[in-house]
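Dropping work31.pdb in here (PDB, C-alpha atoms):
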ATOM      1  CA  MET A 101      88.298  37.152 155.460
ATOM      2  CA  GLY A 102      87.263  39.950 153.082
ATOM      3  CA  LEU A 103      84.907  42.863 153.385
ATOM      4  CA  PRO A 104      81.719  42.549 155.401
ATOM      5  CA  PRO A 105      78.576  42.124 153.316
ATOM      6  CA  PHE A 106      77.625  45.737 154.027
ATOM      7  CA  ALA A 107      80.790  47.828 154.135
ATOM      8  CA  ARG A 108      78.736  50.951 153.298
ATOM      9  CA  ILE A 109      75.178  51.541 154.458
ATOM     10  CA  THR A 110      73.083  54.575 153.540
ATOM     11  CA  VAL A 111      69.924  55.470 155.434
ATOM     12  CA  ALA A 112      67.411  58.073 154.283
ATOM     13  CA  ILE A 113      65.620  59.845 157.123
ATOM     14  CA  ASP A 114      62.982  62.552 157.299
ATOM     15  CA  GLY A 115      62.343  63.144 160.987
ATOM     16  CA  SER A 116      59.252  60.905 161.040
ATOM     17  CA  LYS A 117      58.714  57.934 163.359
ATOM     18  CA  MET A 118      59.284  55.571 160.427
ATOM     19  CA  GLY A 119      62.463  57.461 159.556
ATOM     20  CA  ASP A 120      63.601  56.890 163.142
ATOM     21  CA  VAL A 121      62.828  53.165 162.809
ATOM     22  CA  ALA A 122      64.890  53.058 159.589
ATOM     23  CA  PHE A 123      67.781  54.910 161.246
ATOM     24  CA  ASP A 124      67.797  52.622 164.282
ATOM     25  CA  LEU A 125      67.818  49.564 162.019
ATOM     26  CA  ALA A 126      70.627  50.980 159.844
ATOM     27  CA  LEU A 127      72.609  51.910 162.958
ATOM     28  CA  ASP A 128      72.223  48.398 164.360
ATOM     29  CA  LEU A 129      73.366  46.849 161.066
ATOM     30  CA  ALA A 130      76.301  49.261 160.783
ATOM     31  CA  ARG A 131      77.380  48.377 164.321
ATOM     32  CA  ARG A 132      77.058  44.615 163.656
ATOM     33  CA  TYR A 133      78.921  44.698 160.336
ATOM     34  CA  GLN A 134      81.332  47.502 161.289
ATOM     35  CA  SER A 135      80.017  49.431 158.291
ATOM     36  CA  ASP A 136      80.430  53.057 157.384
ATOM     37  CA  LEU A 137      77.059  54.780 157.677
ATOM     38  CA  THR A 138      75.817  57.648 155.536
ATOM     39  CA  VAL A 139      72.777  59.511 156.817
ATOM     40  CA  LEU A 140      70.791  61.221 154.075
ATOM     41  CA  ALA A 141      67.883  63.643 154.237
ATOM     42  CA  VAL A 142      66.202  65.571 151.443
ATOM     43  CA  ALA A 143      64.471  68.886 152.055
ATOM     44  CA  PRO A 144      61.571  68.627 149.594
ATOM     45  CA  LEU A 145      60.748  71.268 147.021
ATOM     46  CA  GLN A 146      57.596  73.227 147.710
ATOM     47  CA  PRO A 147      55.569  75.211 145.174
ATOM     48  CA  VAL A 148      55.860  78.981 145.232
ATOM     49  CA  PHE A 149      52.648  80.909 144.732
ATOM     50  CA  VAL A 150      52.857  83.214 141.737
ATOM     51  CA  SER A 151      50.313  85.009 139.616
ATOM     52  CA  SER A 152      48.143  82.835 137.403
ATOM     53  CA  ALA A 153      49.727  84.537 134.375
ATOM     54  CA  GLU A 154      52.936  82.533 134.894
ATOM     55  CA  PRO A 155      53.311  79.626 132.452
ATOM     56  CA  TRP A 156      54.950  77.483 135.157
ATOM     57  CA  VAL A 157      55.195  77.463 138.921
ATOM     58  CA  PRO A 158      58.762  77.621 140.229
ATOM     59  CA  THR A 159      59.609  75.663 143.344
ATOM     60  CA  GLU A 160      61.976  76.274 146.189
ATOM     61  CA  VAL A 161      62.956  74.885 149.556
ATOM     62  CA  PRO A 162      62.346  77.345 152.380
ATOM     63  CA  GLU A 163      65.462  77.974 154.471
ATOM     64  CA  ALA A 164      63.649  76.817 157.612
ATOM     65  CA  GLU A 165      62.975  73.435 155.951
ATOM     66  CA  THR A 166      66.598  73.038 154.894
ATOM     67  CA  ASN A 167      67.737  73.887 158.421
ATOM     68  CA  TYR A 168      65.284  71.341 159.854
ATOM     69  CA  TYR A 169      66.606  68.527 157.651
ATOM     70  CA  ARG A 170      70.236  69.490 158.310
ATOM     71  CA  GLY A 171      69.434  69.346 162.011
ATOM     72  CA  ILE A 172      68.015  65.830 161.863
ATOM     73  CA  VAL A 173      71.043  64.652 159.862
ATOM     74  CA  ASP A 174      73.467  66.225 162.356
ATOM     75  CA  LYS A 175      71.596  64.660 165.292
ATOM     76  CA  ALA A 176      71.666  61.217 163.641
ATOM     77  CA  VAL A 177      75.385  61.471 162.852
ATOM     78  CA  ARG A 178      76.089  62.403 166.491
ATOM     79  CA  LYS A 179      73.982  59.452 167.695
ATOM     80  CA  ALA A 180      75.864  57.085 165.389
ATOM     81  CA  GLY A 181      79.213  58.419 166.586
ATOM     82  CA  ALA A 182      78.163  57.935 170.210
ATOM     83  CA  ALA A 183      77.308  54.322 169.311
ATOM     84  CA  GLY A 184      80.805  53.813 167.881
ATOM     85  CA  VAL A 185      79.751  53.859 164.212
ATOM     86  CA  ALA A 186      81.689  55.866 161.628
ATOM     87  CA  ALA A 187      79.036  58.115 160.093
ATOM     88  CA  SER A 188      78.732  61.031 157.714
ATOM     89  CA  GLY A 189      75.712  63.072 156.784
ATOM     90  CA  THR A 190      74.299  64.675 153.675
ATOM     91  CA  CYS A 191      71.353  67.034 153.343
ATOM     92  CA  LEU A 192      70.064  67.688 149.835
ATOM     93  CA  GLU A 193      67.266  69.804 148.409
ATOM     94  CA  GLY A 194      64.885  68.738 145.661
ATOM     95  CA  VAL A 195      62.465  66.025 144.670
ATOM     96  CA  VAL A 196      62.931  63.389 147.381
ATOM     97  CA  VAL A 197      62.878  60.291 145.155
ATOM     98  CA  ASP A 198      65.147  61.846 142.514
ATOM     99  CA  GLU A 199      67.683  63.079 145.076
ATOM    100  CA  ILE A 200      67.926  59.740 146.889
ATOM    101  CA  ILE A 201      68.440  57.901 143.592
ATOM    102  CA  ALA A 202      71.047  60.432 142.425
ATOM    103  CA  GLN A 203      72.908  60.195 145.748
ATOM    104  CA  VAL A 204      73.112  56.403 145.531
ATOM    105  CA  GLU A 205      74.286  56.618 141.909
ATOM    106  CA  LYS A 206      77.024  59.163 142.773
ATOM    107  CA  HIS A 207      78.015  57.465 146.023
ATOM    108  CA  PRO A 208      77.392  53.717 145.688
ATOM    109  CA  THR A 209      76.308  51.877 148.805
ATOM    110  CA  ASP A 210      76.002  48.228 149.718
ATOM    111  CA  LEU A 211      72.595  48.723 151.353
ATOM    112  CA  LEU A 212      70.011  51.502 151.313
ATOM    113  CA  VAL A 213      67.647  51.637 154.291
ATOM    114  CA  LEU A 214      64.362  53.558 154.062
ATOM    115  CA  GLY A 215      61.312  53.863 156.250
ATOM    116  CA  SER A 216      57.859  52.941 155.067
ATOM    117  CA  ARG A 217      55.009  55.316 155.720
ATOM    118  CA  GLY A 218      52.595  52.402 155.877
ATOM    119  CA  LEU A 219      50.112  53.946 153.466
ATOM    120  CA  SER A 220      46.907  52.077 152.770
ATOM    121  CA  THR A 221      46.665  50.393 149.369
ATOM    122  CA  ALA A 222      44.313  53.096 148.065
ATOM    123  CA  LYS A 223      46.581  55.949 149.173
ATOM    124  CA  ARG A 224      49.644  54.183 147.791
ATOM    125  CA  LEU A 225      47.972  53.861 144.379
ATOM    126  CA  LEU A 226      47.054  57.549 144.365
ATOM    127  CA  LEU A 227      50.119  59.104 145.994
ATOM    128  CA  GLY A 228      52.884  56.658 145.347
ATOM    129  CA  SER A 229      55.577  55.872 147.856
ATOM    130  CA  VAL A 230      59.119  57.167 148.177
ATOM    131  CA  SER A 231      60.355  53.755 149.305
ATOM    132  CA  ASP A 232      58.570  51.979 146.449
ATOM    133  CA  ALA A 233      59.823  54.408 143.791
ATOM    134  CA  VAL A 234      63.391  54.378 145.060
ATOM    135  CA  SER A 235      63.532  50.594 145.410
ATOM    136  CA  HIS A 236      62.692  50.194 141.720
ATOM    137  CA  HIS A 237      65.394  52.581 140.501
ATOM    138  CA  VAL A 238      68.571  51.942 142.501
ATOM    139  CA  ASN A 239      71.185  49.300 141.817
ATOM    140  CA  CYS A 240      71.682  48.110 145.377
ATOM    141  CA  PRO A 241      69.709  46.137 147.935
ATOM    142  CA  VAL A 242      66.996  48.193 149.644
ATOM    143  CA  LEU A 243      65.715  47.461 153.117
ATOM    144  CA  ILE A 244      62.342  49.058 153.824
ATOM    145  CA  ALA A 245      61.901  49.333 157.571
ATOM    146  CA  ARG A 246      58.484  48.908 159.094
ATOM    147  CA  ALA A 247      57.556  49.378 162.712
ATOM    148  CA  PRO A 248      56.972  46.191 164.659
ATOM    149  CA  ALA A 249      53.317  45.434 165.432
ATOM    150  CA  ASN A 250      53.757  46.688 168.983
ATOM    151  CA  GLY A 251      56.183  49.506 168.066
ATOM    152  CA  PRO A 252      55.789  53.087 166.863
ATOM    153  CA  LYS A 253      53.009  53.792 164.418
ATOM    154  CA  PRO A 254      53.640  55.898 161.306
TER     155      PRO A 254
END

Encoded form using structure tokens:
Amino acid sequence: MGLPPFARITVAIDGSKMGDVAFDLALDLARRYQSDLTVLAVAPLQPVFVSSAEPWVPTEVPEAETNYYRGIVDKAVRKAGAAGVAASGTCLEGVVVDEIIAQVEKHPTDLLVLGSRGLSTAKRLLLGSVSDAVSHHVNCPVLIARAPANGPKP
């Protein structure tokens, strides 16, 4: 019969309501297709305040942020296991879009699931969107999860 269409599913989460919607969708698909699930979170870089004499501003990820993202990955992996889905988790640090793309390049997946923040058109033009940027730079199908009309709001 061959491999299911989605033998490997990766879901990127961030602890937001839309991240939860994406995780629940990825978990449902993994259960239906008996897929391996990888849960990914990226602790984002934050600027460090230095004197104005510095020619550049270094960035770092505060330990508390890294611990937060590791915690949401661990919780999601436990939830997947309780649902009977084989799952692993990865927590990275860096620029969110770059890290998600690099992870998918290093560890190919059959489907990448992301949440949408539901930004207005004006905000999207000014700020960009992680899901939009990632979807244009990975070589796999991308499912962008949105909350149902009567479901959780971003």

Inset, instruction - Between A:Leu192, A:Ala183, A:Ala112, A:Val242, single out the one closest to A:Arg170, counting only C-alpha atoms. - result: A:Leu192

Inset, instruction - Find the distance between atom CA of A:Val230 and atom CA of A:Val196 and write it in Å to one decimal. - result: 7.3 Å

Around stretch 113-121 of chain A, fit a box with edges along x, y and z, padding it by 8 Å on each side, then list its centre and edge lengths in Å to one decimal as lines of an AutoDock Vina configuration file.
center_x = 62.2
center_y = 58.2
center_z = 160.2
size_x = 22.9
size_y = 26.0
size_z = 22.2

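Take the candidates A:Val142, A:Asp124, A:Leu211, A:Arg217 and check each one against A:Leu243 using all atoms listed in the file; the shortest distance goes to A:Leu211.
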
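Candidate residues A:Ile244, A:Ala126, A:Ala141, A:Ala107 were compared for distance to A:Gly215, and the nearest is A:Ile244, using all atoms listed in the file.
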
Legend entry - Atomic distance atom CA of A:Ile201 - atom CA of A:Tyr169, expressed in Å with one decimal: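 Computing it gives 17.7 Å between the two atoms.
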
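Atom CA of A:Asp210 to atom CA of A:Thr138 spans 11.1 Å [interatomic distance, one decimal].
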
Inset, instruction - Could you state which residues are captured by the PyMOL selection byres ((chain A and resi 234) around 12) in this file, as a ChimeraX atom specification? - result: /A:112,195-205,212-216,228-233,235-244

Mind dumping the selected residues with C-alpha atoms as a compact mmCIF listing (two decimals), in the frame of the given file?
# COMPACT_ATOMS: atom_id res chain seq x y z
CA ALA A 112 67.41 58.07 154.28
CA VAL A 195 62.46 66.03 144.67
CA VAL A 196 62.93 63.39 147.38
CA VAL A 197 62.88 60.29 145.16
CA ASP A 198 65.15 61.85 142.51
CA GLU A 199 67.68 63.08 145.08
CA ILE A 200 67.93 59.74 146.89
CA ILE A 201 68.44 57.90 143.59
CA ALA A 202 71.05 60.43 142.43
CA GLN A 203 72.91 60.20 145.75
CA VAL A 204 73.11 56.40 145.53
CA GLU A 205 74.29 56.62 141.91
CA LEU A 212 70.01 51.50 151.31
CA VAL A 213 67.65 51.64 154.29
CA LEU A 214 64.36 53.56 154.06
CA GLY A 215 61.31 53.86 156.25
CA SER A 216 57.86 52.94 155.07
CA GLY A 228 52.88 56.66 145.35
CA SER A 229 55.58 55.87 147.86
CA VAL A 230 59.12 57.17 148.18
CA SER A 231 60.36 53.76 149.30
CA ASP A 232 58.57 51.98 146.45
CA ALA A 233 59.82 54.41 143.79
CA SER A 235 63.53 50.59 145.41
CA HIS A 236 62.69 50.19 141.72
CA HIS A 237 65.39 52.58 140.50
CA VAL A 238 68.57 51.94 142.50
CA ASN A 239 71.18 49.30 141.82
CA CYS A 240 71.68 48.11 145.38
CA PRO A 241 69.71 46.14 147.94
CA VAL A 242 67.00 48.19 149.64
CA LEU A 243 65.72 47.46 153.12
CA ILE A 244 62.34 49.06 153.82

Legend entry - Who sits within 7 Å of A:Leu145, all atoms listed in the file, same chain under 6 positions skipped, as a list in words: Thr159, Glu160, Val161, Glu193, Gly194 and Val195 of chain A

Legend entry - Output of the PyMOL selection byres ((chain A and resi 186-190) around 9), listed as an MDAnalysis selection string: chainID A and resid 130 134:142 170 173:174 176:178 180:181 183:185 191:192

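When all atoms listed in the file are used to measure the gap to A:Tyr168, the shortest distance among A:Leu127, A:Ile113, A:Ala182, A:Ala122 belongs to A:Ile113.
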
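Distances to A:Gly119 were evaluated for A:Pro208, A:Ile172, A:Lys179, A:Thr166 using only C-alpha atoms, and the minimum falls at A:Ile172.
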
My structure is short of atoms at stretch 173-198 of chain A; please model N, CA and C atoms there, returning them as a PDB file, keeping the file's coordinate frame.
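Dumped to part_10.pdb:
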ATOM      1  N   VAL A 173      69.851  65.386 160.313  1.00  0.00           N
ATOM      2  CA  VAL A 173      71.043  64.652 159.862  1.00  0.00           C
ATOM      3  C   VAL A 173      72.150  64.783 160.905  1.00  0.00           C
ATOM      4  N   ASP A 174      72.408  66.009 161.366  1.00  0.00           N
ATOM      5  CA  ASP A 174      73.467  66.225 162.356  1.00  0.00           C
ATOM      6  C   ASP A 174      73.207  65.423 163.634  1.00  0.00           C
ATOM      7  N   LYS A 175      71.960  65.405 164.084  1.00  0.00           N
ATOM      8  CA  LYS A 175      71.596  64.660 165.292  1.00  0.00           C
ATOM      9  C   LYS A 175      71.844  63.163 165.093  1.00  0.00           C
ATOM     10  N   ALA A 176      71.466  62.638 163.928  1.00  0.00           N
ATOM     11  CA  ALA A 176      71.666  61.217 163.641  1.00  0.00           C
ATOM     12  C   ALA A 176      73.147  60.867 163.564  1.00  0.00           C
ATOM     13  N   VAL A 177      73.939  61.723 162.952  1.00  0.00           N
ATOM     14  CA  VAL A 177      75.385  61.471 162.852  1.00  0.00           C
ATOM     15  C   VAL A 177      76.006  61.465 164.252  1.00  0.00           C
ATOM     16  N   ARG A 178      75.581  62.384 165.109  1.00  0.00           N
ATOM     17  CA  ARG A 178      76.089  62.403 166.491  1.00  0.00           C
ATOM     18  C   ARG A 178      75.691  61.115 167.225  1.00  0.00           C
ATOM     19  N   LYS A 179      74.452  60.676 167.039  1.00  0.00           N
ATOM     20  CA  LYS A 179      73.982  59.452 167.695  1.00  0.00           C
ATOM     21  C   LYS A 179      74.790  58.247 167.223  1.00  0.00           C
ATOM     22  N   ALA A 180      75.063  58.191 165.928  1.00  0.00           N
ATOM     23  CA  ALA A 180      75.864  57.085 165.389  1.00  0.00           C
ATOM     24  C   ALA A 180      77.273  57.112 165.973  1.00  0.00           C
ATOM     25  N   GLY A 181      77.874  58.296 166.019  1.00  0.00           N
ATOM     26  CA  GLY A 181      79.213  58.419 166.586  1.00  0.00           C
ATOM     27  C   GLY A 181      79.257  57.969 168.038  1.00  0.00           C
ATOM     28  N   ALA A 182      78.236  58.341 168.808  1.00  0.00           N
ATOM     29  CA  ALA A 182      78.163  57.935 170.210  1.00  0.00           C
ATOM     30  C   ALA A 182      78.021  56.423 170.343  1.00  0.00           C
ATOM     31  N   ALA A 183      77.467  55.782 169.311  1.00  0.00           N
ATOM     32  CA  ALA A 183      77.308  54.322 169.311  1.00  0.00           C
ATOM     33  C   ALA A 183      78.542  53.622 168.744  1.00  0.00           C
ATOM     34  N   GLY A 184      79.573  54.399 168.392  1.00  0.00           N
ATOM     35  CA  GLY A 184      80.805  53.813 167.881  1.00  0.00           C
ATOM     36  C   GLY A 184      80.792  53.492 166.403  1.00  0.00           C
ATOM     37  N   VAL A 185      79.861  54.105 165.654  1.00  0.00           N
ATOM     38  CA  VAL A 185      79.751  53.859 164.212  1.00  0.00           C
ATOM     39  C   VAL A 185      80.298  55.063 163.452  1.00  0.00           C
ATOM     40  N   ALA A 186      81.176  54.799 162.488  1.00  0.00           N
ATOM     41  CA  ALA A 186      81.689  55.866 161.628  1.00  0.00           C
ATOM     42  C   ALA A 186      80.556  56.338 160.727  1.00  0.00           C
ATOM     43  N   ALA A 187      80.186  57.613 160.847  1.00  0.00           N
ATOM     44  CA  ALA A 187      79.036  58.115 160.093  1.00  0.00           C
ATOM     45  C   ALA A 187      79.331  59.475 159.494  1.00  0.00           C
ATOM     46  N   SER A 188      78.693  59.713 158.348  1.00  0.00           N
ATOM     47  CA  SER A 188      78.732  61.031 157.714  1.00  0.00           C
ATOM     48  C   SER A 188      77.300  61.382 157.341  1.00  0.00           C
ATOM     49  N   GLY A 189      77.063  62.649 157.100  1.00  0.00           N
ATOM     50  CA  GLY A 189      75.712  63.072 156.784  1.00  0.00           C
ATOM     51  C   GLY A 189      75.655  63.956 155.567  1.00  0.00           C
ATOM     52  N   THR A 190      74.540  63.869 154.860  1.00  0.00           N
ATOM     53  CA  THR A 190      74.299  64.675 153.675  1.00  0.00           C
ATOM     54  C   THR A 190      72.860  65.167 153.709  1.00  0.00           C
ATOM     55  N   CYS A 191      72.693  66.459 153.458  1.00  0.00           N
ATOM     56  CA  CYS A 191      71.353  67.034 153.343  1.00  0.00           C
ATOM     57  C   CYS A 191      71.249  67.652 151.953  1.00  0.00           C
ATOM     58  N   LEU A 192      70.277  67.205 151.194  1.00  0.00           N
ATOM     59  CA  LEU A 192      70.064  67.688 149.835  1.00  0.00           C
ATOM     60  C   LEU A 192      68.736  68.422 149.756  1.00  0.00           C
ATOM     61  N   GLU A 193      68.530  69.126 148.669  1.00  0.00           N
ATOM     62  CA  GLU A 193      67.266  69.804 148.409  1.00  0.00           C
ATOM     63  C   GLU A 193      66.753  69.347 147.056  1.00  0.00           C
ATOM     64  N   GLY A 194      65.449  69.107 146.953  1.00  0.00           N
ATOM     65  CA  GLY A 194      64.885  68.738 145.661  1.00  0.00           C
ATOM     66  C   GLY A 194      63.727  67.781 145.784  1.00  0.00           C
ATOM     67  N   VAL A 195      63.500  67.047 144.703  1.00  0.00           N
ATOM     68  CA  VAL A 195      62.465  66.025 144.670  1.00  0.00           C
ATOM     69  C   VAL A 195      63.038  64.814 145.409  1.00  0.00           C
ATOM     70  N   VAL A 196      62.372  64.383 146.466  1.00  0.00           N
ATOM     71  CA  VAL A 196      62.931  63.389 147.381  1.00  0.00           C
ATOM     72  C   VAL A 196      63.387  62.133 146.648  1.00  0.00           C
ATOM     73  N   VAL A 197      62.525  61.532 145.861  1.00  0.00           N
ATOM     74  CA  VAL A 197      62.878  60.291 145.155  1.00  0.00           C
ATOM     75  C   VAL A 197      64.086  60.513 144.246  1.00  0.00           C
ATOM     76  N   ASP A 198      64.053  61.571 143.459  1.00  0.00           N
ATOM     77  CA  ASP A 198      65.147  61.846 142.514  1.00  0.00           C
ATOM     78  C   ASP A 198      66.475  62.060 143.234  1.00  0.00           C
TER      79      ASP A 198
END
